[in-house]
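Asks: Structure file start17.tsv (TSV, C-alpha atoms) is given on the next line.
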```tsv
chain	number	residue	atom	x	y	z
C	1	MET	CA	140.00	124.86	-40.09
C	2	LYS	CA	142.37	127.86	-40.06
C	3	ASP	CA	141.93	130.60	-42.65
C	4	SER	CA	138.78	128.93	-43.96
C	5	VAL	CA	136.13	131.38	-42.74
C	6	ILE	CA	134.02	132.75	-45.58
C	7	ASN	CA	131.25	134.33	-43.47
C	8	LYS	CA	130.42	135.39	-39.92
C	9	ASP	CA	127.75	132.80	-39.30
C	10	ILE	CA	127.23	131.67	-35.72
C	11	TRP	CA	126.53	128.01	-35.00
C	12	ILE	CA	125.09	126.73	-31.72
C	13	ILE	CA	125.49	123.11	-30.71
C	14	GLY	CA	122.28	122.29	-28.84
C	15	GLU	CA	121.89	119.73	-26.08
C	16	MET	CA	118.97	117.41	-25.41
C	17	ASN	CA	117.54	116.98	-21.92
C	18	GLY	CA	114.66	114.58	-21.42
C	19	GLY	CA	113.08	114.87	-24.86
C	20	ARG	CA	113.49	118.62	-25.36
C	21	PRO	CA	116.39	121.06	-25.71
C	22	HIS	CA	118.32	121.89	-22.54
C	23	ASN	CA	117.55	125.31	-21.02
C	24	VAL	CA	121.10	126.48	-21.77
C	25	THR	CA	120.43	125.96	-25.49
C	26	PHE	CA	117.57	128.48	-25.32
C	27	GLU	CA	119.82	130.91	-23.40
C	28	ILE	CA	122.63	130.67	-25.96
C	29	LEU	CA	120.15	130.99	-28.82
C	30	GLU	CA	118.87	134.32	-27.47
C	31	LYS	CA	122.42	135.65	-27.09
C	32	GLY	CA	123.32	134.38	-30.56
C	33	ARG	CA	120.24	136.06	-32.03
C	34	GLY	CA	121.40	139.46	-30.78
C	35	LEU	CA	124.96	138.96	-31.99
C	36	ALA	CA	123.85	137.72	-35.42
C	37	ALA	CA	121.54	140.71	-35.85
C	38	GLN	CA	124.36	143.09	-34.90
C	39	MET	CA	126.73	141.52	-37.45
C	40	LYS	CA	124.05	140.80	-40.07
C	41	ALA	CA	125.13	137.16	-39.95
C	42	GLY	CA	123.37	133.81	-40.10
C	43	LEU	CA	122.39	131.91	-36.96
C	44	HIS	CA	122.23	128.10	-37.03
C	45	VAL	CA	121.57	125.41	-34.42
C	46	ILE	CA	122.68	121.77	-34.51
C	47	LEU	CA	120.57	119.34	-32.50
C	48	SER	CA	121.82	115.75	-32.31
C	49	GLY	CA	120.41	112.66	-30.61
C	50	ARG	CA	118.65	109.36	-31.04
C	51	SER	CA	115.30	111.12	-31.36
C	52	CYS	CA	115.46	114.90	-31.55
C	53	GLY	CA	113.39	115.78	-34.62
C	54	LYS	CA	110.35	116.87	-32.62
C	55	ALA	CA	112.55	118.79	-30.19
C	56	ALA	CA	113.79	120.93	-33.07
C	57	GLN	CA	110.33	122.50	-33.18
C	58	TYR	CA	111.04	124.10	-29.77
C	59	LEU	CA	113.91	126.00	-31.40
C	60	ALA	CA	112.23	126.87	-34.68
C	61	HIS	CA	110.50	129.98	-33.30
C	62	ARG	CA	113.37	131.33	-31.20
C	63	GLY	CA	115.26	133.37	-33.78
C	64	ALA	CA	117.51	130.89	-35.56
C	65	ASP	CA	117.68	130.92	-39.35
C	66	GLU	CA	118.13	127.16	-39.48
C	67	VAL	CA	118.02	124.11	-37.23
C	68	VAL	CA	120.09	121.14	-38.41
C	69	VAL	CA	118.82	117.83	-37.02
C	70	ILE	CA	121.18	114.87	-36.73
C	71	GLU	CA	119.30	111.74	-35.65
C	72	ASP	CA	120.97	108.38	-35.27
C	73	GLY	CA	120.69	105.41	-32.94
C	74	LYS	CA	124.35	105.78	-31.94
C	75	LEU	CA	123.79	109.25	-30.47
C	76	SER	CA	123.06	108.46	-26.82
C	77	GLU	CA	122.89	111.35	-24.35
C	78	GLY	CA	125.76	109.91	-22.31
C	79	ASN	CA	128.50	109.88	-24.98
C	80	PRO	CA	129.73	113.33	-26.06
C	81	PHE	CA	132.47	111.89	-28.27
C	82	ILE	CA	130.03	110.10	-30.58
C	83	HIS	CA	128.06	113.34	-30.91
C	84	ALA	CA	131.31	115.18	-31.69
C	85	LYS	CA	132.07	112.84	-34.58
C	86	ALA	CA	128.71	113.58	-36.18
C	87	ILE	CA	128.71	117.32	-35.47
C	88	VAL	CA	132.24	117.89	-36.79
C	89	GLN	CA	131.20	116.51	-40.18
C	90	CYS	CA	128.59	119.26	-40.41
C	91	LEU	CA	130.87	122.04	-39.15
C	92	ARG	CA	133.68	121.16	-41.55
C	93	LYS	CA	131.26	121.52	-44.42
C	94	GLU	CA	129.66	124.78	-43.21
C	95	LYS	CA	132.87	126.55	-42.04
C	96	PRO	CA	131.33	128.66	-39.23
C	97	TRP	CA	132.83	131.85	-37.87
C	98	ALA	CA	131.89	131.03	-34.26
C	99	VAL	CA	130.52	128.00	-32.40
C	100	PHE	CA	128.74	128.16	-29.01
C	101	VAL	CA	128.16	125.18	-26.68
C	102	GLY	CA	126.52	124.99	-23.25
C	103	ALA	CA	129.02	124.46	-20.41
C	104	THR	CA	127.10	121.55	-18.91
C	105	ALA	CA	128.78	118.33	-17.82
C	106	PHE	CA	127.93	116.88	-21.24
C	107	GLY	CA	128.67	120.09	-23.17
C	108	ARG	CA	132.16	120.50	-21.75
C	109	GLY	CA	133.22	117.08	-23.00
C	110	LEU	CA	131.53	117.67	-26.35
C	111	ALA	CA	133.14	121.08	-26.87
C	112	ALA	CA	136.60	119.77	-26.04
C	113	ALA	CA	136.21	116.90	-28.50
C	114	VAL	CA	134.89	119.14	-31.29
C	115	ALA	CA	137.63	121.75	-30.76
C	116	ALA	CA	140.31	119.05	-30.85
C	117	LYS	CA	138.95	117.55	-34.08
C	118	LEU	CA	138.75	120.99	-35.72
C	119	GLY	CA	142.16	122.08	-34.44
C	120	THR	CA	140.83	125.30	-32.93
C	121	GLU	CA	141.17	127.11	-29.62
C	122	LEU	CA	138.40	127.09	-27.04
C	123	ILE	CA	137.30	129.58	-24.37
C	124	ALA	CA	135.40	127.84	-21.58
C	125	ASP	CA	132.65	129.01	-19.20
C	126	ALA	CA	131.64	132.35	-20.72
C	127	ALA	CA	129.41	134.55	-18.57
C	128	ASP	CA	128.81	137.01	-21.42
C	129	ILE	CA	129.77	137.50	-25.08
C	130	ILE	CA	129.89	140.73	-27.09
C	131	TYR	CA	131.05	141.58	-30.61
C	132	ASP	CA	133.90	144.09	-31.00
C	133	SER	CA	133.59	145.57	-34.49
C	134	ALA	CA	137.01	147.27	-34.25
C	135	ILE	CA	138.86	143.94	-34.12
C	136	GLU	CA	136.05	141.86	-35.68
C	137	ARG	CA	136.23	139.31	-32.90
C	138	LEU	CA	134.02	138.12	-30.08
C	139	VAL	CA	134.97	139.28	-26.58
C	140	VAL	CA	134.21	136.78	-23.83
C	141	THR	CA	133.71	137.78	-20.19
C	142	LYS	CA	134.52	134.98	-17.75
C	143	THR	CA	136.13	134.27	-14.40
C	144	ALA	CA	139.77	135.35	-14.25
C	145	ALA	CA	142.64	133.11	-13.17
C	146	ASP	CA	142.40	134.35	-9.58
C	147	ARG	CA	138.81	133.00	-9.49
C	148	THR	CA	137.65	136.12	-7.60
C	149	SER	CA	137.25	138.59	-10.48
C	150	MET	CA	136.03	138.74	-14.08
C	151	ALA	CA	138.17	139.36	-17.18
C	152	ASP	CA	137.73	139.67	-20.96
C	153	PHE	CA	139.21	137.15	-23.40
C	154	ILE	CA	139.44	136.82	-27.19
C	155	ILE	CA	140.53	134.03	-29.53
C	156	SER	CA	143.11	135.45	-31.91
C	157	GLY	CA	145.19	132.42	-32.83
C	158	SER	CA	142.62	130.63	-35.00
C	159	SER	CA	139.93	131.68	-37.42
C	160	LEU	CA	137.14	129.70	-35.71
C	161	GLN	CA	136.02	131.03	-32.33
C	162	MET	CA	134.66	128.28	-30.10
C	163	ILE	CA	133.10	129.16	-26.75
C	164	THR	CA	131.26	127.29	-24.00
C	165	VAL	CA	128.60	129.27	-22.13
C	166	ARG	CA	127.72	128.77	-18.48
C	167	PRO	CA	124.09	127.84	-17.83
C	168	GLY	CA	121.93	130.45	-16.13
C	169	MET	CA	124.03	133.47	-17.12
C	170	MET	CA	121.99	134.63	-20.12
C	171	ARG	CA	118.35	135.45	-20.68
C	172	ARG	CA	116.06	133.01	-22.45
C	173	GLY	CA	114.08	134.49	-25.31
C	174	ILE	CA	110.34	134.30	-25.83
C	175	GLU	CA	108.86	132.01	-28.48
C	176	ASN	CA	107.58	133.95	-31.49
C	177	SER	CA	105.47	132.04	-33.99
C	178	GLU	CA	106.13	134.72	-36.62
C	179	ARG	CA	109.79	133.67	-36.68
C	180	THR	CA	110.25	130.25	-38.26
C	181	ALA	CA	113.58	128.56	-38.80
C	182	LYS	CA	114.27	126.19	-41.65
C	183	ILE	CA	114.67	122.63	-40.34
C	184	ARG	CA	117.16	120.51	-42.25
C	185	ARG	CA	118.29	116.94	-41.60
C	186	ALA	CA	121.89	115.74	-41.84
C	187	VAL	CA	123.02	112.11	-41.94
C	188	PRO	CA	126.42	111.30	-40.35
C	189	ILE	CA	128.91	108.90	-41.88
C	190	TRP	CA	130.43	106.63	-39.24
C	191	HIS	CA	134.05	105.53	-39.13
C	192	GLU	CA	134.77	103.36	-36.12
C	193	ASP	CA	137.70	104.23	-33.87
C	194	ILE	CA	138.87	103.38	-30.35
C	195	GLN	CA	136.43	105.84	-28.75
C	196	ASP	CA	133.55	103.70	-29.98
C	197	MET	CA	134.79	100.92	-27.69
C	198	VAL	CA	134.27	103.04	-24.55
C	199	ILE	CA	131.09	102.16	-22.66
C	200	TYR	CA	129.19	105.13	-21.22
C	201	ARG	CA	126.59	104.90	-18.50
C	202	GLU	CA	123.28	105.97	-19.99
C	203	ILE	CA	121.56	108.74	-18.03
C	204	SER	CA	117.81	108.32	-18.27
C	205	ALA	CA	115.63	111.30	-19.10
C	206	LYS	CA	113.86	110.85	-15.76
C	207	ASN	CA	117.05	111.16	-13.74
C	208	ARG	CA	118.50	114.01	-15.82
C	209	CYS	CA	115.36	116.11	-15.39
C	210	GLN	CA	115.58	115.83	-11.63
C	211	ILE	CA	118.57	118.20	-11.66
C	212	SER	CA	117.45	121.49	-13.16
C	213	LEU	CA	118.98	124.24	-11.06
C	214	GLY	CA	118.76	126.81	-13.83
C	215	SER	CA	114.95	126.77	-13.84
C	216	ALA	CA	114.29	126.00	-10.16
C	217	GLU	CA	112.16	128.49	-8.21
C	218	ILE	CA	113.38	127.23	-4.83
C	219	ILE	CA	116.93	126.04	-4.12
C	220	VAL	CA	118.28	124.77	-0.81
C	221	SER	CA	122.04	124.75	-0.97
C	222	GLY	CA	124.78	123.43	1.30
C	223	GLY	CA	128.42	124.21	2.00
C	224	ARG	CA	131.24	122.92	4.18
C	225	GLY	CA	129.44	124.20	7.27
C	226	LEU	CA	127.17	121.14	7.11
C	227	LYS	CA	130.33	119.18	8.07
C	228	THR	CA	129.29	115.68	6.87
C	229	LYS	CA	127.72	113.99	3.89
C	230	GLU	CA	124.93	112.71	6.14
C	231	ASN	CA	124.06	116.26	7.15
C	232	PHE	CA	124.22	117.40	3.53
C	233	GLU	CA	121.76	114.72	2.48
C	234	MET	CA	119.11	116.28	4.75
C	235	LEU	CA	118.90	119.01	2.09
C	236	TYR	CA	117.08	116.52	-0.15
C	237	ASP	CA	114.45	116.05	2.58
C	238	LEU	CA	113.91	119.81	2.83
C	239	ALA	CA	113.90	120.27	-0.96
C	240	LYS	CA	111.24	117.55	-1.31
C	241	ARG	CA	108.99	119.31	1.20
C	242	LEU	CA	109.46	122.68	-0.52
C	243	ASN	CA	109.22	121.30	-4.06
C	244	GLY	CA	112.70	122.68	-4.71
C	245	GLN	CA	116.13	121.62	-5.89
C	246	VAL	CA	119.37	120.93	-4.01
C	247	GLY	CA	122.50	122.98	-4.74
C	248	ALA	CA	126.05	122.70	-3.45
C	249	THR	CA	129.30	124.62	-3.22
C	250	ARG	CA	132.45	123.36	-4.90
C	251	PRO	CA	134.01	121.91	-1.69
C	252	CYS	CA	130.91	119.70	-1.30
C	253	ILE	CA	131.26	118.50	-4.90
C	254	ASP	CA	134.98	117.82	-4.40
C	255	ALA	CA	134.18	115.87	-1.23
C	256	GLY	CA	131.77	113.65	-3.15
C	257	TRP	CA	128.66	114.79	-1.32
C	258	ALA	CA	126.84	115.70	-4.56
C	259	PRO	CA	127.31	115.39	-8.36
C	260	TYR	CA	128.80	118.26	-10.35
C	261	GLU	CA	125.38	119.09	-11.87
C	262	ARG	CA	124.35	120.47	-8.46
C	263	GLN	CA	127.24	122.92	-8.16
C	264	VAL	CA	126.22	126.57	-7.81
C	265	GLY	CA	128.93	129.14	-8.51
C	266	GLN	CA	131.27	130.62	-11.10
C	267	SER	CA	132.54	127.17	-12.07
C	268	GLY	CA	129.09	125.58	-11.81
C	269	THR	CA	125.58	126.80	-12.57
C	270	ALA	CA	124.28	130.35	-12.20
C	271	VAL	CA	120.81	130.39	-10.67
C	272	LYS	CA	117.92	132.85	-10.37
C	273	PRO	CA	115.35	131.26	-8.03
C	274	LYS	CA	112.61	133.05	-6.14
C	275	LEU	CA	114.07	131.65	-2.89
C	276	TYR	CA	117.63	130.53	-2.11
C	277	ILE	CA	118.37	129.01	1.32
C	278	ALA	CA	122.08	128.61	2.09
C	279	PHE	CA	123.18	126.24	4.86
C	280	GLY	CA	126.79	126.46	6.03
C	281	ILE	CA	127.94	128.56	3.06
C	282	SER	CA	130.55	131.23	3.82
C	283	GLY	CA	129.62	133.58	0.99
C	284	ALA	CA	132.77	133.53	-1.14
C	285	ILE	CA	132.53	135.83	-4.17
C	286	GLN	CA	132.84	132.97	-6.68
C	287	HIS	CA	129.66	131.49	-5.23
C	288	MET	CA	127.65	134.65	-4.64
C	289	THR	CA	128.17	136.17	-8.10
C	290	ALA	CA	126.26	133.21	-9.60
C	291	ILE	CA	123.12	133.78	-7.52
C	292	GLY	CA	120.35	136.14	-8.60
C	293	ALA	CA	117.70	135.11	-6.07
C	294	LYS	CA	114.70	137.29	-5.30
C	295	TYR	CA	115.00	136.32	-1.63
C	296	MET	CA	117.88	134.68	0.22
C	297	ILE	CA	118.04	133.07	3.65
C	298	ALA	CA	121.45	132.24	5.10
C	299	VAL	CA	122.29	129.90	7.99
C	300	ASN	CA	125.80	130.02	9.40
C	301	GLN	CA	127.29	129.65	12.87
C	302	ASP	CA	129.88	132.37	12.15
C	303	PRO	CA	128.26	135.78	12.79
C	304	GLU	CA	130.98	137.39	10.63
C	305	ALA	CA	130.33	135.17	7.60
C	306	ALA	CA	130.34	137.18	4.37
C	307	ILE	CA	127.05	135.63	3.25
C	308	PHE	CA	125.14	137.73	5.78
C	309	LYS	CA	125.99	140.79	3.66
C	310	TYR	CA	123.99	139.32	0.76
C	311	CYS	CA	120.98	137.68	2.41
C	312	ASP	CA	117.54	139.07	3.22
C	313	TYR	CA	117.27	136.99	6.40
C	314	GLY	CA	120.11	135.48	8.42
C	315	ILE	CA	120.16	132.78	11.08
C	316	ILE	CA	123.23	132.42	13.29
C	317	GLY	CA	123.45	128.80	14.34
C	318	ASP	CA	124.64	125.29	13.51
C	319	ALA	CA	123.60	124.69	9.90
C	320	ALA	CA	122.75	121.00	10.38
C	321	LYS	CA	120.64	121.64	13.50
C	322	VAL	CA	118.71	124.47	11.83
C	323	LEU	CA	118.18	122.31	8.75
C	324	ARG	CA	116.75	119.48	10.86
C	325	ALA	CA	114.54	121.95	12.76
C	326	MET	CA	113.13	123.32	9.49
C	327	ILE	CA	112.28	119.81	8.28
C	328	ASP	CA	110.61	118.95	11.60
C	329	GLN	CA	108.64	122.20	11.57
C	330	LEU	CA	107.35	121.56	8.05
C	331	ASP	CA	106.37	118.02	9.00
C	332	SER	CA	104.53	119.34	12.06
C	333	MET	CA	102.65	121.90	9.95
C	334	ASN	CA	101.66	119.23	7.44
C	335	GLN	CA	100.38	116.96	10.24
C	336	ARG	CA	98.14	119.75	11.59
C	337	HIS	CA	96.57	120.17	8.16
C	338	LEU	CA	95.77	116.48	7.70
```
Could I get this file's structure written as structure tokens?

Replies:
Amino acid sequence: MKDSVINKDIWIIGEMNGGRPHNVTFEILEKGRGLAAQMKAGLHVILSGRSCGKAAQYLAHRGADEVVVIEDGKLSEGNPFIHAKAIVQCLRKEKPWAVFVGATAFGRGLAAAVAAKLGTELIADAADIIYDSAIERLVVTKTAADRTSMADFIISGSSLQMITVRPGMMRRGIENSERTAKIRRAVPIWHEDIQDMVIYREISAKNRCQISLGSAEIIVSGGRGLKTKENFEMLYDLAKRLNGQVGATRPCIDAGWAPYERQVGQSGTAVKPKLYIAFGISGAIQHMTAIGAKYMIAVNQDPEAAIFKYCDYGIIGDAAKVLRAMIDQLDSMNQRHL
């Protein structure tokens, strides 16, 4: 792939989520649209899956010049390596200048596989991307090695620039029917290898759609202050009553209390809900910089916890006891209205 760039076209590898493109694909597309306009370059999207032709219509009016659809029965949502085999065939032919992928659980595996097959470098978890005309490279802003600050990175060792983008960090564009992308179909050629023998657990569209932190208006999130997995699981009871989603800090993910898709923070998902309720979360910078809530309520038994500097309302108390009290209060209110 080195020294093969003949243009500055940007290619976005889209991701399917329950029959339509994942929110992060719309976010990357809006960022790519601005960059492509600045460089006077082409903007293309690849959408792959068992049935994604109709979903391509969601992207056709979002600013791309072209949407390439790869449909095949082998392309299950749970196997990023099969998708990589099909997508790489297209990228080798088109010779893009830059490739963007969403940094979801699926996208991270897909990006790593594509980068390895193309022999290119990869910058992971971008929070922002700009074009530097002086060096004719993309500059990526992401979390630094100390995990408490942000730094700028560039890919200089290979001609292709491949970048994964964190969900929730970039603005989603508005659909414009006056902009229409060309939709083209591509047919992959399959060559079996050892990866085809790996069995992946299929994630149903119903279950995948249940975790959508990036678009949630209400998020109840838990940290180590909840102390046990049983206490953490009360968050699901509160979220159900509030019609919200459950989030978690990295220590909770590492402890096995919740799946990675629920992680909020610099190494997880950035969120912008109307209401964010934090139970037992200390307020570390790597968590707080990923939250753009309109209102925040914090519950922590430590009156000196850093999170109280960020919240609109603070409750000093045992996180699990306050959580249980909130659930009981909501149940009591609902009973009075029956």

Asks: Report, in Å to a single decimal, how far apart CA of Leu35 in chain C and CA of Asp65 in chain C are.

Replies: 13.1 Å

Asks: Which is closest to Lys95 in chain C among C:Gln286, C:Thr180, C:Gln161, C:Thr269, if we use all atoms listed in the file?

Replies: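 Checking each of C:Gln286, C:Thr180, C:Gln161, C:Thr269 against Lys95 in chain C, counting all atoms listed in the file, the winner is C:Gln161.
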
Asks: Counting all atoms listed in the file, which residues of range 92-195 of chain C sit at most 12 Å from some atom of range 287-299 of chain C, and what is each one's closest atom pair with its distance in Å to one decimal, listed by chain and rising residue number, as CSV?

Replies:
```
residue,atom,partner,partner_atom,distance
C:Ala127,CA,C:Ala290,CA,9.6
C:Lys142,CA,C:Thr289,CA,11.6
C:Thr143,CA,C:Thr289,CA,10.3
C:Arg147,CA,C:His287,CA,10.2
C:Thr148,CA,C:Thr289,CA,9.5
C:Ser149,CA,C:Thr289,CA,9.7
C:Met150,CA,C:Thr289,CA,10.2
C:Arg166,CA,C:Ala290,CA,10.0
C:Pro167,CA,C:Ala290,CA,10.1
C:Gly168,CA,C:Ala290,CA,8.3
C:Met169,CA,C:Ala290,CA,7.8
C:Met170,CA,C:Ala290,CA,11.4
```

Asks: Let me make sure I understand: among C:Arg324, C:Arg50, C:His191, C:Arg137, which one has the smallest atom-to-atom distance to Leu160 in chain C if we use all atoms listed in the file?

Replies: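 Closest residue, counting all atoms listed in the file: C:Arg137.
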
Asks: Need to verify the contact set: Ile218 in chain C, 9 Å, only C-alpha atoms, exclusion of same-chain residues closer than 5 positions in sequence. Can you return it as number ranges by chain?

Replies: C: 213, 239, 242-246, 273-277

Asks: For the atom pair CA of Gly42 in chain C and CA of Thr25 in chain C, what is the interatomic distance in Å to one decimal place?

Replies: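 So the answer is 16.8 Å.
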
Asks: Which residue is closest to Lys272 in chain C? Choose from C:Glu230, C:Glu136, C:Asp128, C:Glu217 and count all atoms listed in the file.

Replies: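 Distance minimum relative to Lys272 in chain C lands on C:Glu217.
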
Asks: Kindly give the distance, in Å, that separates CA of Ile154 in chain C and CA of Val140 in chain C, rounded to a single decimal.

Replies: 6.2 Å

Asks: Considering only C-alpha atoms, can you say which of C:Ile135, C:Arg172, C:Gln89, C:Leu323 comes closest to Lys31 in chain C?

Replies: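 Looking only at the distances to Lys31 in chain C, the closest residue turns out to be C:Arg172.
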
Asks: With 3 Å of padding per side, what axis-aligned box (centre and edge lengths, Å, one decimal) covers all the listed atoms of range 136-151 of chain C? Give it as JSON.

Replies:
```
{"center_x": 138.2, "center_y": 137.4, "center_z": -21.6, "size_x": 14.9, "size_y": 14.9, "size_z": 34.1}
```

Asks: Pull the neighbourhood of (121.4, 122.9, 12.6) for me: all residues within 10 Å in file coordinates, counting only C-alpha atoms, as a list in words.

Replies: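 It turns out the residues near that spot are Gly225, Leu226, Asn231, Phe279, Gly280, Val299, Asn300, Gln301, Ile316, Gly317, Asp318, Ala319, Ala320, Lys321, Val322, Leu323, Arg324, Ala325 and Met326 of chain C.
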
Asks: For a quick check of understanding, using all atoms listed in the file, which of C:Lys229, C:Arg108, C:Trp97, C:Asp237 has the smallest distance to Ile253 in chain C?

Replies: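 Under the stated criterion, the closest residue is C:Lys229.
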
Asks: Show me the residues close to (116.5, 121.2, -27.6) - anything with an atom within 10 Å, counting all atoms listed in the file - and format the list as a short mmCIF file (atom, residue, chain, number, x, y, z; two decimals) with C-alpha atoms, in the coordinates of the input.

Replies:
```cif
data_model
loop_
_atom_site.label_atom_id
_atom_site.label_comp_id
_atom_site.auth_asym_id
_atom_site.auth_seq_id
_atom_site.Cartn_x
_atom_site.Cartn_y
_atom_site.Cartn_z
CA ILE C 13 125.49 123.11 -30.71
CA GLY C 14 122.28 122.29 -28.84
CA GLU C 15 121.89 119.73 -26.08
CA MET C 16 118.97 117.41 -25.41
CA ASN C 17 117.54 116.98 -21.92
CA GLY C 18 114.66 114.58 -21.42
CA GLY C 19 113.08 114.87 -24.86
CA ARG C 20 113.49 118.62 -25.36
CA PRO C 21 116.39 121.06 -25.71
CA HIS C 22 118.32 121.89 -22.54
CA ASN C 23 117.55 125.31 -21.02
CA VAL C 24 121.10 126.48 -21.77
CA THR C 25 120.43 125.96 -25.49
CA PHE C 26 117.57 128.48 -25.32
CA VAL C 45 121.57 125.41 -34.42
CA ILE C 46 122.68 121.77 -34.51
CA LEU C 47 120.57 119.34 -32.50
CA SER C 48 121.82 115.75 -32.31
CA GLY C 49 120.41 112.66 -30.61
CA CYS C 52 115.46 114.90 -31.55
CA GLY C 53 113.39 115.78 -34.62
CA LYS C 54 110.35 116.87 -32.62
CA ALA C 55 112.55 118.79 -30.19
CA ALA C 56 113.79 120.93 -33.07
CA GLN C 57 110.33 122.50 -33.18
CA TYR C 58 111.04 124.10 -29.77
CA LEU C 59 113.91 126.00 -31.40
#
```

Asks: Using only C-alpha atoms, find the one residue out of C:Ala248, C:Ser212, C:Leu122, C:Gln263 that sits nearest to Val101 in chain C.

Replies: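 Among the listed residues, the smallest separation from Val101 in chain C belongs to C:Leu122.
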
Asks: Give me the residues near Ile183 in chain C as a list in words, where near means some atom within 6 Å (using all atoms listed in the file) and where sequence neighbours in that chain fewer than 3 positions away do not count.

Replies: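 So, after excluding close chain neighbours, the residues are Glu66, Val67 and Val68 of chain C.
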